[in-house]
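Structure below is input-v3.pdb: PDB, C-alpha atoms, pLDDT in the B column.
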ATOM      1  CA  MET A   1     113.431 117.442  81.670  1.00 72.00           C
ATOM      2  CA  ASP A   2     116.747 116.972  80.002  1.00 76.00           C
ATOM      3  CA  PHE A   3     118.670 113.752  80.422  1.00 84.00           C
ATOM      4  CA  SER A   4     122.006 112.958  78.852  1.00 86.00           C
ATOM      5  CA  ASN A   5     121.377 109.228  78.468  1.00 87.00           C
ATOM      6  CA  LEU A   6     118.873 106.419  78.922  1.00 86.00           C
ATOM      7  CA  THR A   7     120.337 105.406  82.295  1.00 91.00           C
ATOM      8  CA  GLU A   8     119.523 108.849  83.722  1.00 91.00           C
ATOM      9  CA  ILE A   9     115.969 108.571  82.399  1.00 90.00           C
ATOM     10  CA  ILE A  10     115.518 105.121  83.921  1.00 92.00           C
ATOM     11  CA  ASP A  11     117.019 106.159  87.272  1.00 94.00           C
ATOM     12  CA  PHE A  12     114.655 109.127  87.410  1.00 93.00           C
ATOM     13  CA  ALA A  13     111.667 106.896  86.618  1.00 94.00           C
ATOM     14  CA  ILE A  14     112.732 104.311  89.220  1.00 96.00           C
ATOM     15  CA  ALA A  15     112.985 107.026  91.875  1.00 96.00           C
ATOM     16  CA  ASN A  16     109.470 108.176  90.985  1.00 94.00           C
ATOM     17  CA  GLU A  17     108.084 104.633  91.258  1.00 96.00           C
ATOM     18  CA  ILE A  18     109.747 104.133  94.646  1.00 97.00           C
ATOM     19  CA  GLU A  19     108.271 107.424  95.856  1.00 96.00           C
ATOM     20  CA  ALA A  20     104.809 106.437  94.568  1.00 95.00           C
ATOM     21  CA  ALA A  21     104.956 103.029  96.274  1.00 96.00           C
ATOM     22  CA  ASP A  22     106.089 104.688  99.518  1.00 96.00           C
ATOM     23  CA  PHE A  23     103.229 107.181  99.246  1.00 92.00           C
ATOM     24  CA  TYR A  24     100.578 104.485  98.789  1.00 91.00           C
ATOM     25  CA  ARG A  25     102.041 102.350 101.577  1.00 93.00           C
ATOM     26  CA  SER A  26     102.174 105.360 103.919  1.00 90.00           C
ATOM     27  CA  VAL A  27      98.567 106.277 103.149  1.00 86.00           C
ATOM     28  CA  SER A  28      97.497 102.663 103.740  1.00 88.00           C
ATOM     29  CA  GLU A  29      99.091 102.752 107.194  1.00 87.00           C
ATOM     30  CA  GLN A  30      97.208 105.915 108.123  1.00 82.00           C
ATOM     31  CA  GLU A  31      93.776 104.842 106.928  1.00 73.00           C
ATOM     32  CA  SER A  32      91.435 103.181 109.391  1.00 72.00           C
ATOM     33  CA  PHE A  33      89.097 101.342 107.003  1.00 70.00           C
ATOM     34  CA  SER A  34      90.469  97.972 105.871  1.00 70.00           C
ATOM     35  CA  GLY A  35      89.074  98.356 102.336  1.00 74.00           C
ATOM     36  CA  LYS A  36      90.954 101.609 101.841  1.00 78.00           C
ATOM     37  CA  LYS A  37      94.114 100.120 103.361  1.00 84.00           C
ATOM     38  CA  GLN A  38      93.999  97.159 100.997  1.00 87.00           C
ATOM     39  CA  MET A  39      93.351  99.341  97.955  1.00 86.00           C
ATOM     40  CA  PHE A  40      96.391 101.497  98.679  1.00 88.00           C
ATOM     41  CA  LEU A  41      98.560  98.447  99.367  1.00 93.00           C
ATOM     42  CA  GLU A  42      97.528  97.095  95.962  1.00 93.00           C
ATOM     43  CA  PHE A  43      98.547 100.371  94.324  1.00 92.00           C
ATOM     44  CA  ALA A  44     101.894 100.214  96.165  1.00 95.00           C
ATOM     45  CA  ALA A  45     102.434  96.696  94.809  1.00 96.00           C
ATOM     46  CA  GLU A  46     101.667  97.922  91.276  1.00 94.00           C
ATOM     47  CA  GLU A  47     104.246 100.682  91.632  1.00 95.00           C
ATOM     48  CA  HIS A  48     106.807  98.081  92.766  1.00 96.00           C
ATOM     49  CA  LYS A  49     106.065  96.103  89.584  1.00 94.00           C
ATOM     50  CA  HIS A  50     106.770  99.241  87.566  1.00 95.00           C
ATOM     51  CA  GLN A  51     110.034  99.702  89.455  1.00 96.00           C
ATOM     52  CA  ALA A  52     111.038  96.102  88.650  1.00 94.00           C
ATOM     53  CA  LEU A  53     110.213  96.602  84.965  1.00 93.00           C
ATOM     54  CA  LEU A  54     112.414  99.694  84.878  1.00 94.00           C
ATOM     55  CA  GLU A  55     115.226  97.887  86.684  1.00 95.00           C
ATOM     56  CA  ASP A  56     114.992  95.093  84.102  1.00 93.00           C
ATOM     57  CA  LEU A  57     115.212  97.691  81.329  1.00 90.00           C
ATOM     58  CA  LYS A  58     118.297  99.202  82.960  1.00 93.00           C
ATOM     59  CA  ALA A  59     119.900  95.745  83.232  1.00 93.00           C
ATOM     60  CA  GLY A  60     119.107  94.966  79.590  1.00 89.00           C
ATOM     61  CA  LYS A  61     116.595  92.236  80.493  1.00 88.00           C
ATOM     62  CA  ALA A  62     113.317  93.916  79.527  1.00 83.00           C
ATOM     63  CA  GLY A  63     113.018  92.571  75.978  1.00 74.00           C
ATOM     64  CA  ALA A  64     111.430  89.183  76.636  1.00 71.00           C
ATOM     65  CA  LYS A  65     109.331  90.480  79.530  1.00 71.00           C
ATOM     66  CA  VAL A  66     107.564  93.141  77.455  1.00 83.00           C
ATOM     67  CA  GLU A  67     106.991  91.245  74.215  1.00 85.00           C
ATOM     68  CA  ASP A  68     103.655  89.711  75.237  1.00 84.00           C
ATOM     69  CA  TYR A  69     102.171  92.892  76.683  1.00 88.00           C
ATOM     70  CA  GLU A  70      98.832  93.725  75.075  1.00 88.00           C
ATOM     71  CA  PHE A  71      98.142  97.383  74.464  1.00 90.00           C
ATOM     72  CA  LYS A  72      94.589  98.648  74.486  1.00 91.00           C
ATOM     73  CA  TRP A  73      92.978 102.032  74.626  1.00 91.00           C
ATOM     74  CA  ILE A  74      92.279 103.263  78.159  1.00 93.00           C
ATOM     75  CA  THR A  75      89.470 105.781  78.514  1.00 91.00           C
ATOM     76  CA  ASP A  76      90.350 109.003  80.290  1.00 92.00           C
ATOM     77  CA  ILE A  77      87.396 110.480  82.151  1.00 91.00           C
ATOM     78  CA  LYS A  78      89.612 113.440  83.109  1.00 89.00           C
ATOM     79  CA  ARG A  79      88.182 114.098  86.558  1.00 87.00           C
ATOM     80  CA  SER A  80      91.627 114.857  88.023  1.00 90.00           C
ATOM     81  CA  ASP A  81      92.531 117.093  85.088  1.00 89.00           C
ATOM     82  CA  TYR A  82      90.315 119.844  86.490  1.00 88.00           C
ATOM     83  CA  VAL A  83      91.717 119.829  90.012  1.00 88.00           C
ATOM     84  CA  ASP A  84      94.700 121.627  91.499  1.00 90.00           C
ATOM     85  CA  ASP A  85      97.356 119.653  93.315  1.00 90.00           C
ATOM     86  CA  ILE A  86      96.281 118.294  96.683  1.00 88.00           C
ATOM     87  CA  GLU A  87      98.529 117.409  99.591  1.00 89.00           C
ATOM     88  CA  TYR A  88      97.801 114.319 101.668  1.00 85.00           C
ATOM     89  CA  LYS A  89      96.715 114.889 105.247  1.00 86.00           C
ATOM     90  CA  PRO A  90      95.793 112.045 107.612  1.00 79.00           C
ATOM     91  CA  GLY A  91      92.057 111.828 108.049  1.00 79.00           C
ATOM     92  CA  MET A  92      91.227 113.180 104.597  1.00 83.00           C
ATOM     93  CA  ALA A  93      87.811 112.240 103.277  1.00 84.00           C
ATOM     94  CA  TYR A  94      87.740 109.187 101.011  1.00 83.00           C
ATOM     95  CA  ASN A  95      86.778 111.240  97.936  1.00 88.00           C
ATOM     96  CA  GLU A  96      89.704 113.604  98.581  1.00 89.00           C
ATOM     97  CA  ILE A  97      92.122 110.683  98.831  1.00 87.00           C
ATOM     98  CA  LEU A  98      90.819 109.265  95.555  1.00 89.00           C
ATOM     99  CA  LEU A  99      91.188 112.637  93.889  1.00 91.00           C
ATOM    100  CA  LEU A 100      94.717 113.033  95.258  1.00 91.00           C
ATOM    101  CA  ALA A 101      95.703 109.573  94.019  1.00 91.00           C
ATOM    102  CA  SER A 102      94.088 110.264  90.622  1.00 94.00           C
ATOM    103  CA  LYS A 103      96.103 113.468  90.310  1.00 94.00           C
ATOM    104  CA  ARG A 104      99.300 111.576  91.144  1.00 92.00           C
ATOM    105  CA  GLU A 105      98.541 108.999  88.459  1.00 94.00           C
ATOM    106  CA  GLU A 106      97.780 111.790  85.979  1.00 95.00           C
ATOM    107  CA  LYS A 107     101.231 113.245  86.645  1.00 94.00           C
ATOM    108  CA  ALA A 108     102.870 109.827  86.304  1.00 94.00           C
ATOM    109  CA  LEU A 109     101.142 109.329  82.945  1.00 95.00           C
ATOM    110  CA  LYS A 110     102.411 112.712  81.738  1.00 95.00           C
ATOM    111  CA  LEU A 111     105.909 111.854  82.956  1.00 93.00           C
ATOM    112  CA  TYR A 112     105.982 108.545  81.084  1.00 95.00           C
ATOM    113  CA  ASN A 113     104.729 110.220  77.923  1.00 95.00           C
ATOM    114  CA  GLU A 114     107.632 112.688  78.215  1.00 93.00           C
ATOM    115  CA  LEU A 115     110.125 109.878  78.879  1.00 92.00           C
ATOM    116  CA  LEU A 116     108.703 107.901  75.950  1.00 93.00           C
ATOM    117  CA  ALA A 117     109.459 110.859  73.695  1.00 92.00           C
ATOM    118  CA  GLN A 118     113.078 110.872  74.904  1.00 89.00           C
ATOM    119  CA  ALA A 119     113.695 107.105  74.762  1.00 89.00           C
ATOM    120  CA  ASP A 120     116.249 106.057  72.194  1.00 86.00           C
ATOM    121  CA  THR A 121     115.897 102.270  72.087  1.00 87.00           C
ATOM    122  CA  ASP A 122     113.019 100.006  71.100  1.00 88.00           C
ATOM    123  CA  ASP A 123     112.990  98.323  74.524  1.00 88.00           C
ATOM    124  CA  ALA A 124     112.908 101.688  76.306  1.00 90.00           C
ATOM    125  CA  ARG A 125     110.087 102.934  74.097  1.00 92.00           C
ATOM    126  CA  LYS A 126     108.101  99.768  74.744  1.00 92.00           C
ATOM    127  CA  VAL A 127     108.651  99.923  78.523  1.00 92.00           C
ATOM    128  CA  PHE A 128     107.621 103.572  78.699  1.00 94.00           C
ATOM    129  CA  LYS A 129     104.602 102.890  76.510  1.00 94.00           C
ATOM    130  CA  ILE A 130     103.622 100.042  78.863  1.00 94.00           C
ATOM    131  CA  LEU A 131     104.050 102.335  81.858  1.00 95.00           C
ATOM    132  CA  CYS A 132     101.891 104.982  80.159  1.00 96.00           C
ATOM    133  CA  GLN A 133      99.137 102.419  79.820  1.00 95.00           C
ATOM    134  CA  GLU A 134      99.546 101.141  83.373  1.00 94.00           C
ATOM    135  CA  GLU A 135      99.346 104.647  84.842  1.00 94.00           C
ATOM    136  CA  ALA A 136      96.316 105.397  82.648  1.00 96.00           C
ATOM    137  CA  LYS A 137      94.660 102.245  84.045  1.00 94.00           C
ATOM    138  CA  HIS A 138      95.373 103.380  87.603  1.00 93.00           C
ATOM    139  CA  LYS A 139      93.991 106.840  86.876  1.00 95.00           C
ATOM    140  CA  LEU A 140      90.833 105.379  85.351  1.00 95.00           C
ATOM    141  CA  ALA A 141      90.337 102.981  88.280  1.00 93.00           C
ATOM    142  CA  LEU A 142      90.702 105.767  90.840  1.00 93.00           C
ATOM    143  CA  GLU A 143      88.480 108.186  88.948  1.00 94.00           C
ATOM    144  CA  THR A 144      85.854 105.471  88.521  1.00 94.00           C
ATOM    145  CA  MET A 145      85.932 104.765  92.266  1.00 90.00           C
ATOM    146  CA  LEU A 146      85.553 108.494  92.843  1.00 91.00           C
ATOM    147  CA  ASP A 147      82.604 108.710  90.455  1.00 91.00           C
ATOM    148  CA  ASP A 148      80.964 105.715  92.115  1.00 91.00           C
ATOM    149  CA  PHE A 149      81.487 107.192  95.574  1.00 87.00           C
ATOM    150  CA  MET A 150      80.102 110.569  94.505  1.00 88.00           C
ATOM    151  CA  ALA A 151      77.084 108.925  92.872  1.00 91.00           C
ATOM    152  CA  GLU A 152      76.337 107.042  96.092  1.00 89.00           C
ATOM    153  CA  ALA A 153      76.615 110.332  97.977  1.00 86.00           C
ATOM    154  CA  GLY A 154      74.069 111.892  95.629  1.00 83.00           C
ATOM    155  CA  ASP A 155      76.416 113.967  93.449  1.00 71.00           C
TER     156      ASP A 155
END
Show the structure stored in the file as structure tokens.
Amino acid sequence: MDFSNLTEIIDFAIANEIEAADFYRSVSEQESFSGKKQMFLEFAAEEHKHQALLEDLKAGKAGAKVEDYEFKWITDIKRSDYVDDIEYKPGMAYNEILLLASKREEKALKLYNELLAQADTDDARKVFKILCQEEAKHKLALETMLDDFMAEAGD
């Protein structure tokens, strides 16, 4: 990905966050179990927070909002790393949905690592580093849910 300036990078990232939030909201509307619906709505809300953080960065207001963020190492259990891309289909099994969402978060993490490498301001680097961590947290949460589900199923 080649961008000519930080604004193009941010706009691209915002578009990705909007698409991710729309995806999670759409999946929540198609799922029949309330627990699954709520989980996907929570992921959609997280993606909207990421969008807002990027919009603040674009407007030059990210500095104070990112100063208190605490970075910590997020374990990567890499379950989605060994799976090809999956397309969502209504009625997918719960484990397939978790794997699909994990794969999406894996791609988002890779994207933010690439954007971090291209960032040219301290605020941009900090925002993209925060987003790397947030996507890594999402990936870990989804892969952990998948592991728990598979363990209950006897895998």
### Summary
Taken to one decimal, the CA of Glu42 in chain A-CA of Lys61 in chain A distance is 25.0 Å
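Minimum atom-to-atom distance to Thr121 in chain A, evaluated using all atoms listed in the file, belongs to A:Leu57 out of A:Leu98, A:Ile74, A:Ala20, A:Leu57.
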### Query
What separation in Å, quoted to one decimal, exists between CA of Glu8 in chain A and CA of Lys58 in chain A?
9.8 Å
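Within a radius of 9 Å around (102.9, 101.1, 98.7), the polymer residues are Ile18, Glu19, Ala20, Ala21, Asp22, Phe23, Tyr24, Arg25, Ser26, Val27, Ser28, Phe40, Leu41, Glu42, Phe43, Ala44, Ala45, Glu46, Glu47 and His48 of chain A, counting all atoms listed in the file.
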### Message
Which residues would end up in the selection if the PyMOL selection byres ((chain A and resi 135-145) around 6) were applied here, given that I need the answer as a ChimeraX atom specification?
### Response
/A:98,102,105,109,132-134,146-148
Residue contacts of Val127 in chain A (9 Å, all atoms listed in the file) excluding same-chain residues fewer than 5 positions away, as an mmCIF file with C-alpha atoms, in the frame of the given file:
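Wrote result_17.cif, looks like this:
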data_model
loop_
_atom_site.group_PDB
_atom_site.id
_atom_site.type_symbol
_atom_site.label_atom_id
_atom_site.label_comp_id
_atom_site.auth_asym_id
_atom_site.auth_seq_id
_atom_site.Cartn_x
_atom_site.Cartn_y
_atom_site.Cartn_z
ATOM 1 C CA LEU A 53 110.213 96.602 84.965
ATOM 2 C CA LEU A 54 112.414 99.694 84.878
ATOM 3 C CA LEU A 57 115.212 97.691 81.329
ATOM 4 C CA ALA A 62 113.317 93.916 79.527
ATOM 5 C CA GLY A 63 113.018 92.571 75.978
ATOM 6 C CA VAL A 66 107.564 93.141 77.455
ATOM 7 C CA LEU A 116 108.703 107.901 75.950
ATOM 8 C CA ASP A 122 113.019 100.006 71.100
ATOM 9 C CA CYS A 132 101.891 104.982 80.159
#
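CA of Ala117 in chain A is found 11.8 Å from CA of Phe3 in chain A.
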Might you spell out which residues the PyMOL selection byres ((chain A and resi 90) around 8) would select in the displayed file, as a PDB file with C-alpha atoms, in the frame of the given file?
ATOM      1  CA  VAL A  27      98.567 106.277 103.149  1.00 86.00           C
ATOM      2  CA  GLN A  30      97.208 105.915 108.123  1.00 82.00           C
ATOM      3  CA  GLU A  31      93.776 104.842 106.928  1.00 73.00           C
ATOM      4  CA  TYR A  88      97.801 114.319 101.668  1.00 85.00           C
ATOM      5  CA  LYS A  89      96.715 114.889 105.247  1.00 86.00           C
ATOM      6  CA  GLY A  91      92.057 111.828 108.049  1.00 79.00           C
ATOM      7  CA  MET A  92      91.227 113.180 104.597  1.00 83.00           C
TER       8      MET A  92
END
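With all atoms listed in the file as the basis for measurement, A:Leu131 is the residue among A:Ile86, A:Leu131, A:Ala153, A:Leu6 that approaches Tyr69 in chain A most closely.
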Step by step, gather every atom of range 34-42 of chain A that the file lists, find the box along x, y and z that holds them, add 5 Å on each side, and finally give centre and edge lengths in Å to one decimal, as AutoDock Vina command-line options.
--center_x 93.8 --center_y 99.4 --center_z 100.9 --size_x 19.5 --size_y 14.5 --size_z 19.9
Once the PyMOL selection byres ((chain A and resi 10) around 10) is applied to the coordinates I shared, what remains selected? I want it as a PDB file with C-alpha atoms, in the frame of the given file.
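Below you can see result-v5.pdb, which holds the result:
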ATOM      1  CA  PHE A   3     118.670 113.752  80.422  1.00 84.00           C
ATOM      2  CA  ASN A   5     121.377 109.228  78.468  1.00 87.00           C
ATOM      3  CA  LEU A   6     118.873 106.419  78.922  1.00 86.00           C
ATOM      4  CA  THR A   7     120.337 105.406  82.295  1.00 91.00           C
ATOM      5  CA  GLU A   8     119.523 108.849  83.722  1.00 91.00           C
ATOM      6  CA  ILE A   9     115.969 108.571  82.399  1.00 90.00           C
ATOM      7  CA  ASP A  11     117.019 106.159  87.272  1.00 94.00           C
ATOM      8  CA  PHE A  12     114.655 109.127  87.410  1.00 93.00           C
ATOM      9  CA  ALA A  13     111.667 106.896  86.618  1.00 94.00           C
ATOM     10  CA  ILE A  14     112.732 104.311  89.220  1.00 96.00           C
ATOM     11  CA  ALA A  15     112.985 107.026  91.875  1.00 96.00           C
ATOM     12  CA  ASN A  16     109.470 108.176  90.985  1.00 94.00           C
ATOM     13  CA  GLN A  51     110.034  99.702  89.455  1.00 96.00           C
ATOM     14  CA  LEU A  54     112.414  99.694  84.878  1.00 94.00           C
ATOM     15  CA  GLU A  55     115.226  97.887  86.684  1.00 95.00           C
ATOM     16  CA  LEU A  57     115.212  97.691  81.329  1.00 90.00           C
ATOM     17  CA  LYS A  58     118.297  99.202  82.960  1.00 93.00           C
ATOM     18  CA  LEU A 115     110.125 109.878  78.879  1.00 92.00           C
ATOM     19  CA  ALA A 119     113.695 107.105  74.762  1.00 89.00           C
ATOM     20  CA  ALA A 124     112.908 101.688  76.306  1.00 90.00           C
ATOM     21  CA  PHE A 128     107.621 103.572  78.699  1.00 94.00           C
TER      22      PHE A 128
END
#### Entry: Option closest in space to Arg125 in chain A, from A:Lys36, A:Ala151, A:Ala59, A:Tyr112 [counting only C-alpha atoms]
A:Tyr112
